[in-house]
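Asks: Attaching a single structure in structure tokens format; questions to follow.
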There are 2 protein chains.
Amino acid sequence: MASAVRRADAAPVFASLGDATRLRLVARLCADGPLSIAHLSDGEEVTRQAITKHLHALKDAGVVHGTRAGREHIWELRPKRLEMARRYLDQVSGQWDAALERLREFVDEEG
Amino acid sequence: MASAVRRADAAPVFASLGDATRLRLVARLCADGPLSIAHLSDGEEVTRQAITKHLHALKDAGVVHGTRAGREHIWELRPKRLEMARRYLDQVSGQWDAALERLREFVDEEG
DNA sequence: TCATTGTGCAACCTGCAAGTTGCCCGTCAA
DNA sequence: TTGACGGGCAACTTGCAGGTTGCACAATGA
């Protein structure tokens, strides 16, 4: 079985995904593959600097990874972190199901 | 197939889970079932008021639901929202896999 | 060589989130 | 009826996130 995801690890990832602009960046990186800052800024309503800041926020959360190539800075997704977040939600859902089961048994006993 | 999760719906949920205290509250509600504010504040390092604010943040994101019972306010989890967040991560991962597949085919063609 | 392109850096502004404190109110039990 | 318990409300502080502007700098291409 996969090891349990710690809350302290999951929270920063969720926080990094909790911004609409960042979530859009993640979606684009996921659909189109690695892109430069200029390309990622293209079509966005905020400044290139704002995009850069968001990319660093995603990087600090481990969701994204940047590489310098000539005068460009290429950013790509790190799907492992997203998968970790998904696993955390799975864990919580699993606990919930177990709690429901316990409740059912309790009700059965009382009845 | 389940309908696609919109980014605008997912972002607030992620944001609500992006705080360590709130994530802890969610975990407790999930493991122990519905609890009052007093119980949820018990063991936390912040004030009851702070917990109340966090619970309202989770409620605004649709992750949690509160009911008044006598002089107590009972809060319980809404697993549907968490499941939605999980589905969103599934979507993104799916796109990522498709992108990898396209890349593989492209490399095969070139080779 | 020189203009253009893609970025990085730093300073700055602004609004909101997180937390606290103080006070008041309904509810429940003795 | 009264005191204790569980909460709501409002004002206030503080730190930081999100965004901007201005400038400097390296890489690139004509």
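Identifiers for the structure tokens are assigned positionally: chains receive A, B, ... in sequence, residues are indexed from 1 per chain, and ligands are indexed from 1 in the order shown.
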Give me, as a list in words, the residues of chain A touching chain D, with the criterion being at most 7 Å (counting only C-alpha atoms (C1' of nucleotides)).
Replies: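 In the required form, that comes to Ala50, Gly70 and Arg71 of chain A.
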Asks: Please dump the current selection as a CSV table (one decimal), in the first residue's frame; keep C-alpha atoms.
Replies:
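And here's out-v9.csv as it stands now:
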```csv
chain,number,residue,atom,x,y,z
A,50,ALA,CA,2.5,38.3,-11.6
A,70,GLY,CA,19.2,30.3,-23.2
A,71,ARG,CA,17.3,33.5,-22.4
```
Asks: Hey, list the chain B side of the contact with chain C: 10 Å cut-off, only C-alpha atoms (C1' of nucleotides), answer as an mmCIF file with C-alpha atoms, in the first residue's frame.
Replies:
```cif
data_model
loop_
_atom_site.group_PDB
_atom_site.id
_atom_site.type_symbol
_atom_site.label_atom_id
_atom_site.label_comp_id
_atom_site.auth_asym_id
_atom_site.auth_seq_id
_atom_site.Cartn_x
_atom_site.Cartn_y
_atom_site.Cartn_z
ATOM 1 C CA VAL B 46 -5.954 29.074 18.422
ATOM 2 C CA THR B 47 -9.060 30.711 19.820
ATOM 3 C CA GLN B 49 -13.292 32.471 17.335
ATOM 4 C CA ALA B 50 -10.507 31.520 14.956
ATOM 5 C CA ILE B 51 -11.957 28.028 14.619
ATOM 6 C CA LYS B 53 -13.907 31.676 11.162
ATOM 7 C CA HIS B 54 -12.186 28.669 9.621
ATOM 8 C CA GLY B 70 -29.950 23.711 21.101
ATOM 9 C CA ARG B 71 -27.134 25.938 22.211
ATOM 10 C CA GLU B 72 -24.604 24.026 20.164
#
```
Asks: Dump as JSON, numbers by chain the residues of chain A that approach chain B to within 8 Å, counting only C-alpha atoms.
Replies: {"A": [7, 8, 11, 12, 13, 14, 15, 16, 17, 18, 19, 20, 23, 24, 27, 30, 31, 32, 33, 79, 82, 83, 86, 89, 90, 92, 93, 95, 96, 99]}
Asks: DSSP on the backbone: what in segment 7-94 of chain A comes out strand (DSSP E or B), as a list in words?
Replies: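 Here is the list: Leu35, Ser36, Val64, His65, Gly66, Thr67, Arg68, Ala69, Glu72, His73, Ile74, Trp75, Glu76 and Leu77 of chain A.
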Asks: Chain B: which residues are alpha helix (DSSP H) by DSSP, as a PyMOL selection string?
Replies: chain B and resi 7-17+20-32+37-41+48-60+79-110
Asks: Find the residue from A:His65, A:Arg81, A:Arg102, A:Lys59 that sits nearest to Leu35 of chain A; use only C-alpha atoms when measuring.
Replies: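 For Leu35 of chain A, the nearest of the given residues is A:His65.
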